[in-house]
file my_file36.cif (mmCIF, C-alpha atoms)
data_entry
loop_
_atom_site.label_atom_id
_atom_site.label_comp_id
_atom_site.auth_asym_id
_atom_site.auth_seq_id
_atom_site.Cartn_x
_atom_site.Cartn_y
_atom_site.Cartn_z
CA MET E 23 0.00 0.00 0.00
CA THR E 24 1.52 3.29 -1.12
CA ILE E 25 0.85 6.59 0.62
CA ASN E 26 0.20 9.68 -1.48
CA LYS E 27 2.61 12.32 -0.20
CA GLU E 28 0.47 15.16 -1.55
CA ARG E 29 -2.51 13.91 0.44
CA VAL E 30 -0.36 13.70 3.57
CA LYS E 31 0.69 17.32 3.05
CA LEU E 32 -2.98 18.29 2.66
CA TYR E 33 -3.92 16.70 5.99
CA LEU E 34 -0.95 18.34 7.70
CA ARG E 35 -2.09 21.73 6.39
CA LEU E 36 -5.61 21.07 7.62
CA ALA E 37 -4.26 20.05 11.00
CA GLY E 38 -2.33 23.31 11.20
CA ILE E 39 -5.47 25.30 10.36
CA SER E 40 -7.49 23.36 12.92
CA LEU E 41 -4.86 23.97 15.60
CA PHE E 42 -4.71 27.68 14.76
CA PHE E 43 -8.44 28.22 15.24
CA SER E 44 -8.57 26.04 18.35
CA THR E 45 -5.79 28.12 19.89
CA LEU E 46 -7.59 31.37 19.04
CA ILE E 47 -10.75 30.10 20.71
CA ASP E 48 -8.84 28.96 23.80
CA PHE E 49 -7.08 32.30 24.23
CA ALA E 50 -10.36 34.13 23.80
CA SER E 51 -12.40 31.96 26.18
CA GLU E 52 -9.90 30.69 28.80
CA PRO E 53 -6.60 32.62 28.48
CA GLU E 54 -5.22 31.30 31.77
CA THR E 55 -5.15 27.70 30.49
CA ALA E 56 -4.77 28.48 26.75
CA LEU E 57 -1.15 27.29 26.49
CA LYS E 58 -1.92 23.98 28.19
CA SER E 59 -4.98 23.55 25.98
CA THR E 60 -2.84 24.15 22.90
CA VAL E 61 -0.42 21.43 24.00
CA ASN E 62 -3.40 19.11 24.53
CA HIS E 63 -4.76 19.92 21.03
CA ILE E 64 -1.40 19.09 19.48
CA TRP E 65 -1.29 15.73 21.24
CA LEU E 66 -4.84 14.80 20.24
CA LEU E 67 -4.30 16.01 16.66
CA LEU E 68 -1.42 13.59 16.26
CA TYR E 69 -3.86 10.76 16.88
CA LEU E 70 -6.84 12.21 15.00
CA LEU E 71 -4.71 13.14 12.01
CA VAL E 72 -3.74 9.51 11.43
CA LEU E 73 -7.30 8.35 12.08
CA HIS E 74 -8.82 10.93 9.71
CA PHE E 75 -6.34 9.99 7.01
CA ILE E 76 -7.21 6.29 7.26
CA PHE E 77 -10.95 6.97 7.41
CA PHE E 78 -11.23 9.42 4.49
CA GLU E 79 -8.49 8.05 2.25
CA TYR E 80 -8.93 4.30 2.70
CA THR E 81 -12.08 3.26 4.57
CA LEU E 82 -14.62 5.41 2.72
CA PRO E 83 -13.18 4.71 -0.78
CA PHE E 84 -13.07 0.99 0.11
CA ILE E 85 -16.78 0.69 0.86
CA LYS E 86 -18.08 3.28 -1.63
CA PHE E 87 -20.14 2.00 -4.61
CA ARG E 88 -19.05 -1.63 -4.22
CA TRP E 89 -21.97 -3.76 -3.04
CA LYS E 90 -19.81 -6.70 -1.96
CA ARG E 91 -17.77 -4.42 0.26
CA LEU E 92 -20.92 -2.90 1.74
CA LEU E 93 -21.18 -6.04 3.85
CA ALA E 94 -18.00 -4.99 5.61
CA ALA E 95 -19.16 -1.39 6.01
CA PRO E 96 -20.93 -1.81 9.39
CA PHE E 97 -17.86 -3.48 10.91
CA LEU E 98 -15.48 -0.84 9.54
CA ILE E 99 -17.71 2.04 10.70
CA PHE E 100 -18.06 0.44 14.14
CA ALA E 101 -14.28 0.03 14.38
CA HIS E 102 -13.74 3.69 13.54
CA LEU E 103 -16.43 4.71 16.01
CA ILE E 104 -14.56 2.86 18.76
CA LEU E 105 -11.27 4.44 17.70
CA TYR E 106 -12.82 7.92 17.61
CA THR E 107 -14.42 7.57 21.05
CA PHE E 108 -12.62 5.20 23.40
CA GLY E 109 -9.44 5.33 21.31
CA THR E 110 -9.26 9.10 21.64
CA PHE E 111 -9.79 8.88 25.38
CA ALA E 112 -7.11 6.17 25.64
CA TRP E 113 -4.72 8.40 23.66
CA ARG E 114 -5.47 11.18 26.16
CA TYR E 115 -4.60 8.81 29.01
CA ILE E 116 -1.31 7.84 27.33
CA GLY E 117 -0.43 11.53 27.03
CA ILE E 118 -1.10 12.08 30.70
CA GLN E 119 1.17 9.18 31.61
CA LEU E 120 3.91 10.57 29.35
CA HIS E 121 3.45 14.04 30.84
CA VAL E 122 2.68 15.58 27.45
CA TYR E 123 -1.02 16.10 28.17
CA PHE E 124 -2.46 18.31 30.91
CA PRO E 125 -5.50 16.79 32.66
CA LEU E 126 -7.54 19.98 32.78
CA ALA E 127 -10.66 17.95 33.61
CA GLU E 128 -11.13 14.90 35.83
CA TYR E 129 -13.70 12.20 35.08
CA GLU E 130 -15.16 9.71 37.51
CA ALA E 131 -15.88 7.20 34.74
CA ILE E 132 -14.43 6.51 31.29
CA VAL E 133 -17.83 6.98 29.69
CA ASP E 134 -17.99 10.52 31.08
CA GLY E 135 -14.62 11.35 29.55
CA VAL E 136 -15.54 9.77 26.24
CA SER E 137 -18.83 11.66 25.98
CA ASP E 138 -17.19 14.96 27.04
CA ASN E 139 -14.51 14.76 24.34
CA PHE E 140 -16.71 13.26 21.63
CA GLY E 141 -18.12 16.65 20.61
CA ASN E 142 -14.65 17.97 19.77
CA THR E 143 -13.89 14.76 17.87
CA VAL E 144 -17.05 15.07 15.77
CA GLY E 145 -16.19 18.70 15.05
CA SER E 146 -12.75 17.61 13.86
CA ILE E 147 -14.28 14.95 11.59
CA VAL E 148 -16.68 17.48 10.06
CA PHE E 149 -13.94 20.06 9.56
CA PHE E 150 -11.55 17.62 7.86
CA GLY E 151 -14.35 16.13 5.75
CA ILE E 152 -15.65 19.47 4.47
CA ALA E 153 -12.17 20.94 3.91
CA ARG E 154 -11.05 17.80 2.06
CA HIS E 155 -14.17 17.86 -0.15
CA ILE E 156 -13.65 21.55 -1.03
CA HIS E 157 -9.98 20.92 -1.84
CA ASP E 158 -10.79 17.91 -4.04
CA TYR E 159 -13.59 19.79 -5.81
CA ARG E 160 -11.30 22.71 -6.62
CA LYS E 161 -8.58 20.32 -7.77
CA LEU E 162 -11.04 18.50 -10.00
CA HIS E 163 -12.31 21.79 -11.42
CA GLN E 164 -8.75 22.96 -12.16
CA THR E 165 -7.92 19.63 -13.81
CA ALA E 166 -11.05 19.80 -15.95
CA GLN E 167 -10.24 23.36 -16.93
CA GLN E 168 -6.67 22.39 -17.82
CA LEU E 169 -7.94 19.49 -19.93
CA ARG E 170 -10.34 21.84 -21.71
CA ILE E 171 -7.50 24.26 -22.47
CA GLU E 172 -5.27 21.46 -23.73
CA LYS E 173 -8.11 20.13 -25.89
CA GLN E 174 -8.67 23.58 -27.40
CA GLU E 175 -4.95 24.01 -28.05
CA ALA E 176 -4.82 20.61 -29.74
CA GLU E 177 -7.81 21.49 -31.92
CA LEU E 178 -6.29 24.87 -32.82
CA ASN E 179 -3.05 23.17 -33.80
CA TYR E 180 -5.03 20.70 -35.88
CA LEU E 181 -6.88 23.51 -37.64
CA LYS E 182 -3.56 25.24 -38.34
CA SER E 183 -2.12 21.99 -39.67
CA GLN E 184 -5.05 21.85 -42.09
CA THR E 185 -4.93 25.52 -43.06
CA ASN E 186 -1.20 25.74 -43.84
CA PRO E 187 -1.03 22.79 -46.30
CA HIS E 188 -4.28 24.00 -47.87
CA PHE E 189 -2.78 27.46 -48.33
CA LEU E 190 0.49 25.98 -49.65
CA PHE E 191 -1.32 23.70 -52.09
CA ASN E 192 -3.25 26.59 -53.63
CA THR E 193 -0.13 28.73 -53.88
CA LEU E 194 1.89 25.94 -55.52
CA ASN E 195 -0.90 25.55 -58.08
CA ASN E 196 -0.48 29.21 -58.97
CA ILE E 197 3.28 28.82 -59.39
CA TYR E 198 2.74 25.67 -61.44
CA SER E 199 0.57 27.59 -63.90
CA LEU E 200 3.33 30.20 -64.29
CA ALA E 201 5.99 27.52 -64.77
CA ARG E 202 3.85 25.66 -67.28
CA ASP E 203 3.51 28.84 -69.34
CA LYS E 204 7.29 29.34 -69.01
CA SER E 205 6.64 32.72 -67.47
CA ASP E 206 9.60 34.83 -66.43
CA LEU E 207 7.66 35.54 -63.25
CA ALA E 208 7.99 31.97 -61.97
CA PRO E 209 11.36 32.55 -60.18
CA GLU E 210 10.01 35.71 -58.54
CA SER E 211 6.88 33.87 -57.39
CA ILE E 212 9.02 31.10 -55.85
CA LEU E 213 11.04 33.75 -53.99
CA LYS E 214 7.88 35.35 -52.63
CA LEU E 215 6.55 31.95 -51.63
CA SER E 216 9.77 31.19 -49.75
CA LYS E 217 9.28 34.38 -47.71
CA ILE E 218 5.75 33.33 -46.83
CA LEU E 219 6.87 29.83 -45.88
CA ARG E 220 9.65 31.24 -43.71
CA TYR E 221 7.04 33.29 -41.88
CA MET E 222 4.82 30.23 -41.40
CA LEU E 223 7.68 28.10 -40.09
CA TYR E 224 9.36 30.53 -37.73
CA GLU E 225 6.81 33.21 -36.82
CA THR E 226 3.51 31.39 -36.36
CA SER E 227 4.46 28.82 -33.72
CA GLY E 228 3.40 31.13 -30.90
CA ALA E 229 -0.11 32.09 -29.89
CA PHE E 230 0.19 35.69 -31.11
CA VAL E 231 2.02 37.90 -33.56
CA ALA E 232 2.00 41.66 -33.97
CA ILE E 233 -0.62 43.00 -36.35
CA GLU E 234 2.12 44.53 -38.49
CA GLN E 235 3.43 41.00 -39.17
CA GLU E 236 -0.01 39.85 -40.25
CA LEU E 237 -0.29 42.87 -42.56
CA LYS E 238 3.11 42.05 -44.05
CA ILE E 239 2.14 38.47 -44.86
CA ILE E 240 -1.11 39.66 -46.43
CA SER E 241 0.84 42.12 -48.59
CA ASP E 242 3.29 39.39 -49.64
CA TYR E 243 0.44 37.05 -50.49
CA ILE E 244 -1.31 39.72 -52.56
CA ALA E 245 1.94 40.44 -54.42
CA LEU E 246 2.33 36.72 -55.11
CA GLU E 247 -1.21 36.42 -56.44
CA LYS E 248 -0.91 39.51 -58.64
CA LEU E 249 1.92 37.87 -60.58
CA ARG E 250 -0.68 35.59 -62.18
CA TYR E 251 -2.81 38.41 -63.55
CA ASP E 252 -2.36 41.28 -65.94
CA ASP E 253 -3.23 44.90 -65.32
CA SER E 254 -6.94 44.14 -65.52
CA LEU E 255 -6.89 42.99 -61.87
CA HIS E 256 -7.51 45.81 -59.44
CA VAL E 257 -6.47 45.24 -55.82
CA ASN E 258 -7.11 47.79 -53.11
CA PHE E 259 -5.57 46.96 -49.74
CA ASN E 260 -5.64 49.59 -47.00
CA TYR E 261 -5.69 49.62 -43.23
CA ASP E 262 -6.15 51.93 -40.27
CA VAL E 263 -4.50 50.45 -37.17
CA GLU E 264 -3.86 52.57 -34.08
CA ASP E 265 -1.32 50.13 -32.59
CA MET E 266 0.74 48.05 -35.01
CA LYS E 267 2.24 46.04 -32.12
CA GLN E 268 -1.15 44.82 -30.94
CA ALA E 269 -1.36 41.04 -30.64
CA LEU E 270 -3.31 38.87 -33.06
CA PRO E 271 -3.33 35.08 -33.61
CA PRO E 272 -1.09 34.33 -36.61
CA LEU E 273 -2.65 33.75 -40.04
CA LEU E 274 -6.12 34.53 -38.73
CA LEU E 275 -7.00 36.94 -41.53
CA ILE E 276 -5.31 35.26 -44.48
CA PRO E 277 -8.14 32.72 -45.19
CA LEU E 278 -10.50 35.55 -46.17
CA VAL E 279 -7.88 37.04 -48.50
CA GLU E 280 -7.06 33.65 -49.99
CA ASN E 281 -10.75 32.95 -50.49
CA ALA E 282 -11.14 36.24 -52.42
CA PHE E 283 -8.51 35.19 -54.96
CA LYS E 284 -9.12 31.46 -55.23
CA HIS E 285 -12.91 31.45 -55.33
CA GLY E 286 -13.48 34.97 -56.66
CA VAL E 287 -10.90 36.64 -58.85
CA SER E 288 -9.71 33.39 -60.46
CA GLU E 289 -13.26 32.74 -61.65
CA THR E 290 -13.94 36.30 -62.86
CA ARG E 291 -13.58 36.97 -66.58
CA ASN E 292 -14.33 40.68 -66.68
CA GLN E 293 -12.87 43.39 -64.45
CA PRO E 294 -11.69 41.28 -61.53
CA PHE E 295 -11.13 43.15 -58.29
CA VAL E 296 -10.39 42.67 -54.59
CA ASP E 297 -11.02 45.32 -51.95
CA ILE E 298 -9.51 44.69 -48.51
CA HIS E 299 -9.76 47.00 -45.52
CA LEU E 300 -8.60 46.45 -41.95
CA ALA E 301 -9.38 48.77 -39.05
CA VAL E 302 -8.33 48.28 -35.41
CA LYS E 303 -9.30 50.84 -32.80
CA ASN E 304 -9.85 50.46 -29.06
CA ARG E 305 -9.17 46.72 -29.46
CA GLN E 306 -12.08 46.42 -31.90
CA LEU E 307 -11.01 44.78 -35.16
CA ALA E 308 -12.99 45.11 -38.36
CA PHE E 309 -11.85 43.31 -41.50
CA PHE E 310 -13.73 43.70 -44.78
CA VAL E 311 -13.03 41.78 -47.97
CA LYS E 312 -14.99 42.29 -51.17
CA ASN E 313 -14.19 40.58 -54.44
CA SER E 314 -15.64 39.97 -57.88
CA THR E 315 -17.20 36.64 -58.78
CA GLU E 316 -19.16 35.07 -61.61
CA THR E 317 -21.67 33.63 -59.17
CA THR E 318 -25.23 34.77 -58.61
CA PRO E 319 -26.96 34.69 -55.23
CA GLU E 320 -28.51 31.40 -54.17
CA GLU E 321 -31.19 30.66 -51.65
CA GLY E 322 -29.92 29.52 -48.29
CA PRO E 323 -26.55 30.12 -46.60
CA VAL E 324 -23.32 30.38 -48.56
CA LYS E 325 -21.48 27.05 -48.72
CA GLU E 326 -18.17 27.53 -46.94
CA ASN E 327 -14.93 25.92 -48.06
CA ILE E 328 -12.31 24.43 -45.73
CA GLY E 329 -10.56 27.77 -45.23
CA LEU E 330 -13.69 29.59 -44.05
CA SER E 331 -14.87 26.62 -41.96
CA ASN E 332 -11.54 26.42 -40.18
CA LEU E 333 -11.51 30.17 -39.60
CA ARG E 334 -14.97 30.06 -38.04
CA ARG E 335 -13.96 27.24 -35.70
CA GLN E 336 -10.74 29.02 -34.69
CA LEU E 337 -12.77 32.10 -33.83
CA GLU E 338 -15.07 29.99 -31.65
CA LEU E 339 -12.07 28.68 -29.74
CA LEU E 340 -10.20 31.98 -29.47
CA TYR E 341 -12.82 34.67 -28.80
CA THR E 342 -16.15 35.08 -27.06
CA ASP E 343 -17.14 38.28 -28.88
CA TYR E 344 -16.82 38.13 -32.66
CA HIS E 345 -18.90 38.16 -35.84
CA LEU E 346 -18.07 36.54 -39.17
CA SER E 347 -20.46 36.88 -42.08
CA VAL E 348 -20.15 35.99 -45.76
CA GLN E 349 -22.65 37.10 -48.37
CA GLN E 350 -22.99 36.37 -52.06
CA ALA E 351 -24.44 39.24 -54.07
CA GLU E 352 -24.75 39.69 -57.84
CA ASN E 353 -21.18 39.02 -59.10
CA VAL E 354 -19.79 40.28 -55.77
CA PHE E 355 -18.78 38.37 -52.66
CA HIS E 356 -18.61 40.10 -49.25
CA ALA E 357 -16.81 38.83 -46.16
CA THR E 358 -16.94 40.73 -42.88
CA LEU E 359 -15.05 39.86 -39.72
CA LYS E 360 -15.40 41.81 -36.49
CA ILE E 361 -13.57 40.83 -33.30
CA ASN E 362 -13.40 42.30 -29.84
CA LEU E 363 -9.73 41.50 -29.25
CA ALA E 364 -10.23 41.95 -25.51
CA SER E 365 -12.56 38.92 -25.49
CA HIS E 366 -9.76 36.43 -26.07
CA VAL E 367 -10.41 33.25 -24.11
#

call {"tool": "encode", "arguments": {"input": "my_file36.cif", "output": "structure tokens"}}
result
Amino acid sequence: MTINKERVKLYLRLAGISLFFSTLIDFASEPETALKSTVNHIWLLLYLLVLHFIFFEYTLPFIKFRWKRLLAAPFLIFAHLILYTFGTFAWRYIGIQLHVYFPLAEYEAIVDGVSDNFGNTVGSIVFFGIARHIHDYRKLHQTAQQLRIEKQEAELNYLKSQTNPHFLFNTLNNIYSLARDKSDLAPESILKLSKILRYMLYETSGAFVAIEQELKIISDYIALEKLRYDDSLHVNFNYDVEDMKQALPPLLLIPLVENAFKHGVSETRNQPFVDIHLAVKNRQLAFFVKNSTETTPEEGPVKENIGLSNLRRQLELLYTDYHLSVQQAENVFHATLKINLASHV
């Protein structure tokens, strides 16, 4: 049988608290014998501490929710009752004989001594039981909260692991089309892609990046996409950010920009365009993306691709106050993202 050292430390702390309050009460009620009473409490606590530990840590778990063991419950409870009553009184007697316990009260019969001290023993049982339950409940709550955080972090990492290859696959397709056409822009596009990949590998491992870094990666991605198109593509990217060092989860905005090119501009034959605007003020972020499409509005909600679905789930895990909406109009697609950055979980 192994003894949990952490549980032993818990019971020692509870014993110290119990002794502290008992001493306060003794000094307030009977100051002339308070020191002797404190010595007596210490001696009795040595016995009760061991008894409480056995009762709460071994006896109760042994008989709980096991019907075969319930047969032994009456005998175990009776044994503890004897130990808590006559055993405590016998421990008091041993202390008197060893001159470590002051007999502040004399009893004509053992039963009188047992009944007189039983109230304090019951109070000690109640105190240890309630304090132990509160401690275990808080511990369980903390463990559950930690598991929830770890589960969210694992899911976020999974979403990122989906988003990055998806983003890379689409970008490589663009470079492939340039290489297939033997375009002189292919080497430049590979260079721009390497900068983006370097950012993904070395800058996005943490929980946050500065907004200026996110703006830089968006600009690099736009420059990479523009290599595929002639002057007919019009891209307007502007921002109004009061604090460029403000923290933002990495690559949070790029799915909306990628979606504008992959599912909008690339399918537009006449006058393709992308309008992107970011505003951050008083920790309120507003991100607007509008792009041309060849699609007409359909009844029902817009069908979201993997990039938008992952973005929506990341927002659910990261923030409590946000709004993401996508809307298909006549040959125009709108995406709006608003986040209260102060509502980060």

call {"tool": "residues_around", "arguments": {"input": "my_file36.cif", "residues": "E:Tyr33", "least_positions_apart": "3", "cutoff": "8 Å", "atoms": "only C-alpha atoms", "output": "compact mmCIF listing (two decimals) with C-alpha atoms, in the frame of the given file"}}
result
# COMPACT_ATOMS: atom_id res chain seq x y z
CA ARG E 29 -2.51 13.91 0.44
CA VAL E 30 -0.36 13.70 3.57
CA LEU E 36 -5.61 21.07 7.62
CA ALA E 37 -4.26 20.05 11.00
CA LEU E 71 -4.71 13.14 12.01
CA PHE E 75 -6.34 9.99 7.01
CA PHE E 150 -11.55 17.62 7.86

call {"tool": "residues_around", "arguments": {"input": "my_file36.cif", "residues": "E:Ile233", "least_positions_apart": "2", "cutoff": "6 Å", "atoms": "all atoms listed in the file", "output": "list in words"}}
result
Gln235, Glu236, Met266, Lys267, Gln268 and Leu270 of chain E

call {"tool": "resolve_selection", "arguments": {"input": "my_file36.cif", "expression": "the PyMOL selection byres ((chain E and resi 283) around 10)", "output": "PDB file with C-alpha atoms, in the coordinates of the input"}}
result
ATOM      1  CA  ILE E 244      -1.310  39.720 -52.560  1.00  0.00           C
ATOM      2  CA  GLU E 247      -1.210  36.420 -56.440  1.00  0.00           C
ATOM      3  CA  LYS E 248      -0.910  39.510 -58.640  1.00  0.00           C
ATOM      4  CA  LEU E 278     -10.500  35.550 -46.170  1.00  0.00           C
ATOM      5  CA  VAL E 279      -7.880  37.040 -48.500  1.00  0.00           C
ATOM      6  CA  GLU E 280      -7.060  33.650 -49.990  1.00  0.00           C
ATOM      7  CA  ASN E 281     -10.750  32.950 -50.490  1.00  0.00           C
ATOM      8  CA  ALA E 282     -11.140  36.240 -52.420  1.00  0.00           C
ATOM      9  CA  LYS E 284      -9.120  31.460 -55.230  1.00  0.00           C
ATOM     10  CA  HIS E 285     -12.910  31.450 -55.330  1.00  0.00           C
ATOM     11  CA  GLY E 286     -13.480  34.970 -56.660  1.00  0.00           C
ATOM     12  CA  VAL E 287     -10.900  36.640 -58.850  1.00  0.00           C
ATOM     13  CA  SER E 288      -9.710  33.390 -60.460  1.00  0.00           C
ATOM     14  CA  GLU E 289     -13.260  32.740 -61.650  1.00  0.00           C
ATOM     15  CA  THR E 290     -13.940  36.300 -62.860  1.00  0.00           C
ATOM     16  CA  PRO E 294     -11.690  41.280 -61.530  1.00  0.00           C
ATOM     17  CA  PHE E 295     -11.130  43.150 -58.290  1.00  0.00           C
ATOM     18  CA  VAL E 296     -10.390  42.670 -54.590  1.00  0.00           C
ATOM     19  CA  ASN E 313     -14.190  40.580 -54.440  1.00  0.00           C
ATOM     20  CA  SER E 314     -15.640  39.970 -57.880  1.00  0.00           C
ATOM     21  CA  THR E 315     -17.200  36.640 -58.780  1.00  0.00           C
TER      22      THR E 315
END

call {"tool": "resolve_selection", "arguments": {"input": "my_file36.cif", "expression": "the PyMOL selection byres ((chain E and resi 58-70) around 10)", "output": "mmCIF file with C-alpha atoms, in the frame of the given file"}}
result
data_model
loop_
_atom_site.group_PDB
_atom_site.id
_atom_site.type_symbol
_atom_site.label_atom_id
_atom_site.label_comp_id
_atom_site.auth_asym_id
_atom_site.auth_seq_id
_atom_site.Cartn_x
_atom_site.Cartn_y
_atom_site.Cartn_z
ATOM 1 C CA LEU E 34 -0.950 18.340 7.700
ATOM 2 C CA ALA E 37 -4.260 20.050 11.000
ATOM 3 C CA GLY E 38 -2.330 23.310 11.200
ATOM 4 C CA SER E 40 -7.490 23.360 12.920
ATOM 5 C CA LEU E 41 -4.860 23.970 15.600
ATOM 6 C CA PHE E 42 -4.710 27.680 14.760
ATOM 7 C CA SER E 44 -8.570 26.040 18.350
ATOM 8 C CA THR E 45 -5.790 28.120 19.890
ATOM 9 C CA LEU E 46 -7.590 31.370 19.040
ATOM 10 C CA ASP E 48 -8.840 28.960 23.800
ATOM 11 C CA PHE E 49 -7.080 32.300 24.230
ATOM 12 C CA GLU E 52 -9.900 30.690 28.800
ATOM 13 C CA PRO E 53 -6.600 32.620 28.480
ATOM 14 C CA GLU E 54 -5.220 31.300 31.770
ATOM 15 C CA THR E 55 -5.150 27.700 30.490
ATOM 16 C CA ALA E 56 -4.770 28.480 26.750
ATOM 17 C CA LEU E 57 -1.150 27.290 26.490
ATOM 18 C CA LEU E 71 -4.710 13.140 12.010
ATOM 19 C CA VAL E 72 -3.740 9.510 11.430
ATOM 20 C CA LEU E 73 -7.300 8.350 12.080
ATOM 21 C CA HIS E 74 -8.820 10.930 9.710
ATOM 22 C CA PHE E 75 -6.340 9.990 7.010
ATOM 23 C CA ILE E 76 -7.210 6.290 7.260
ATOM 24 C CA LEU E 105 -11.270 4.440 17.700
ATOM 25 C CA TYR E 106 -12.820 7.920 17.610
ATOM 26 C CA GLY E 109 -9.440 5.330 21.310
ATOM 27 C CA THR E 110 -9.260 9.100 21.640
ATOM 28 C CA PHE E 111 -9.790 8.880 25.380
ATOM 29 C CA TRP E 113 -4.720 8.400 23.660
ATOM 30 C CA ARG E 114 -5.470 11.180 26.160
ATOM 31 C CA ILE E 116 -1.310 7.840 27.330
ATOM 32 C CA GLY E 117 -0.430 11.530 27.030
ATOM 33 C CA ILE E 118 -1.100 12.080 30.700
ATOM 34 C CA VAL E 122 2.680 15.580 27.450
ATOM 35 C CA TYR E 123 -1.020 16.100 28.170
ATOM 36 C CA PHE E 124 -2.460 18.310 30.910
ATOM 37 C CA PRO E 125 -5.500 16.790 32.660
ATOM 38 C CA LEU E 126 -7.540 19.980 32.780
ATOM 39 C CA THR E 143 -13.890 14.760 17.870
ATOM 40 C CA SER E 146 -12.750 17.610 13.860
ATOM 41 C CA ILE E 147 -14.280 14.950 11.590
#

call {"tool": "atom_distance", "arguments": {"input": "my_file36.cif", "atom1": "atom CA of E:Leu346", "atom2": "atom CA of E:Ser227"}}
result
24.4 Å

call {"tool": "residues_around", "arguments": {"input": "my_file36.cif", "residues": "E:Thr193", "least_positions_apart": "6", "cutoff": "12 Å", "atoms": "all atoms listed in the file", "output": "PDB file with C-alpha atoms, in the frame of the given file"}}
result
ATOM      1  CA  ASN E 186      -1.200  25.740 -43.840  1.00  0.00           C
ATOM      2  CA  PRO E 187      -1.030  22.790 -46.300  1.00  0.00           C
ATOM      3  CA  SER E 199       0.570  27.590 -63.900  1.00  0.00           C
ATOM      4  CA  LEU E 200       3.330  30.200 -64.290  1.00  0.00           C
ATOM      5  CA  ALA E 208       7.990  31.970 -61.970  1.00  0.00           C
ATOM      6  CA  SER E 211       6.880  33.870 -57.390  1.00  0.00           C
ATOM      7  CA  ILE E 212       9.020  31.100 -55.850  1.00  0.00           C
ATOM      8  CA  LYS E 214       7.880  35.350 -52.630  1.00  0.00           C
ATOM      9  CA  LEU E 215       6.550  31.950 -51.630  1.00  0.00           C
ATOM     10  CA  SER E 216       9.770  31.190 -49.750  1.00  0.00           C
ATOM     11  CA  ILE E 218       5.750  33.330 -46.830  1.00  0.00           C
ATOM     12  CA  LEU E 219       6.870  29.830 -45.880  1.00  0.00           C
ATOM     13  CA  ASP E 242       3.290  39.390 -49.640  1.00  0.00           C
ATOM     14  CA  TYR E 243       0.440  37.050 -50.490  1.00  0.00           C
ATOM     15  CA  ILE E 244      -1.310  39.720 -52.560  1.00  0.00           C
ATOM     16  CA  ALA E 245       1.940  40.440 -54.420  1.00  0.00           C
ATOM     17  CA  LEU E 246       2.330  36.720 -55.110  1.00  0.00           C
ATOM     18  CA  GLU E 247      -1.210  36.420 -56.440  1.00  0.00           C
ATOM     19  CA  LYS E 248      -0.910  39.510 -58.640  1.00  0.00           C
ATOM     20  CA  LEU E 249       1.920  37.870 -60.580  1.00  0.00           C
ATOM     21  CA  ARG E 250      -0.680  35.590 -62.180  1.00  0.00           C
ATOM     22  CA  GLU E 280      -7.060  33.650 -49.990  1.00  0.00           C
ATOM     23  CA  ASN E 281     -10.750  32.950 -50.490  1.00  0.00           C
ATOM     24  CA  PHE E 283      -8.510  35.190 -54.960  1.00  0.00           C
ATOM     25  CA  LYS E 284      -9.120  31.460 -55.230  1.00  0.00           C
TER      26      LYS E 284
END

call {"tool": "residues_near_point", "arguments": {"input": "my_file36.cif", "point": "(-9.7, 42.4, -27.4)", "cutoff": "10 Å", "atoms": "all atoms listed in the file", "output": "PyMOL selection string"}}
result
chain E and resi 268-270+304-307+341-344+361-367

call {"tool": "atom_distance", "arguments": {"input": "my_file36.cif", "atom1": "atom CA of E:Thr24", "atom2": "atom CA of E:Thr165"}}
result
22.7 Å

call {"tool": "closest_residue", "arguments": {"input": "my_file36.cif", "among": "E:Leu300, E:Ala351, E:Ala153, E:Ala95", "to": "E:Glu264", "atoms": "only C-alpha atoms"}}
result
E:Leu300

call {"tool": "resolve_selection", "arguments": {"input": "my_file36.cif", "expression": "the PyMOL selection byres ((chain E and resi 311) around 6)", "output": "mmCIF file with C-alpha atoms, in the coordinates of the input"}}
result
data_model
loop_
_atom_site.group_PDB
_atom_site.id
_atom_site.type_symbol
_atom_site.label_atom_id
_atom_site.label_comp_id
_atom_site.auth_asym_id
_atom_site.auth_seq_id
_atom_site.Cartn_x
_atom_site.Cartn_y
_atom_site.Cartn_z
ATOM 1 C CA ASP E 297 -11.020 45.320 -51.950
ATOM 2 C CA ILE E 298 -9.510 44.690 -48.510
ATOM 3 C CA PHE E 310 -13.730 43.700 -44.780
ATOM 4 C CA LYS E 312 -14.990 42.290 -51.170
ATOM 5 C CA HIS E 356 -18.610 40.100 -49.250
ATOM 6 C CA ALA E 357 -16.810 38.830 -46.160
#

call {"tool": "atom_distance", "arguments": {"input": "my_file36.cif", "atom1": "atom CA of E:Ile328", "atom2": "atom CA of E:Ile276"}}
result
13.0 Å

call {"tool": "closest_residue", "arguments": {"input": "my_file36.cif", "among": "E:Tyr129, E:Phe309, E:Phe355, E:Tyr221", "to": "E:Asp262", "atoms": "all atoms listed in the file"}}
result
E:Phe309

call {"tool": "axis_aligned_box", "arguments": {"input": "my_file36.cif", "around": "stretch 218-222 of chain E", "padding_each_side": "6 Å", "output": "AutoDock Vina command-line options"}}
result
--center_x 7.2 --center_y 31.6 --center_z -44.1 --size_x 16.8 --size_y 15.5 --size_z 17.4

call {"tool": "closest_residue", "arguments": {"input": "my_file36.cif", "among": "E:Ala131, E:Leu339, E:Val354, E:Ala50", "to": "E:Glu316", "atoms": "only C-alpha atoms"}}
result
E:Val354
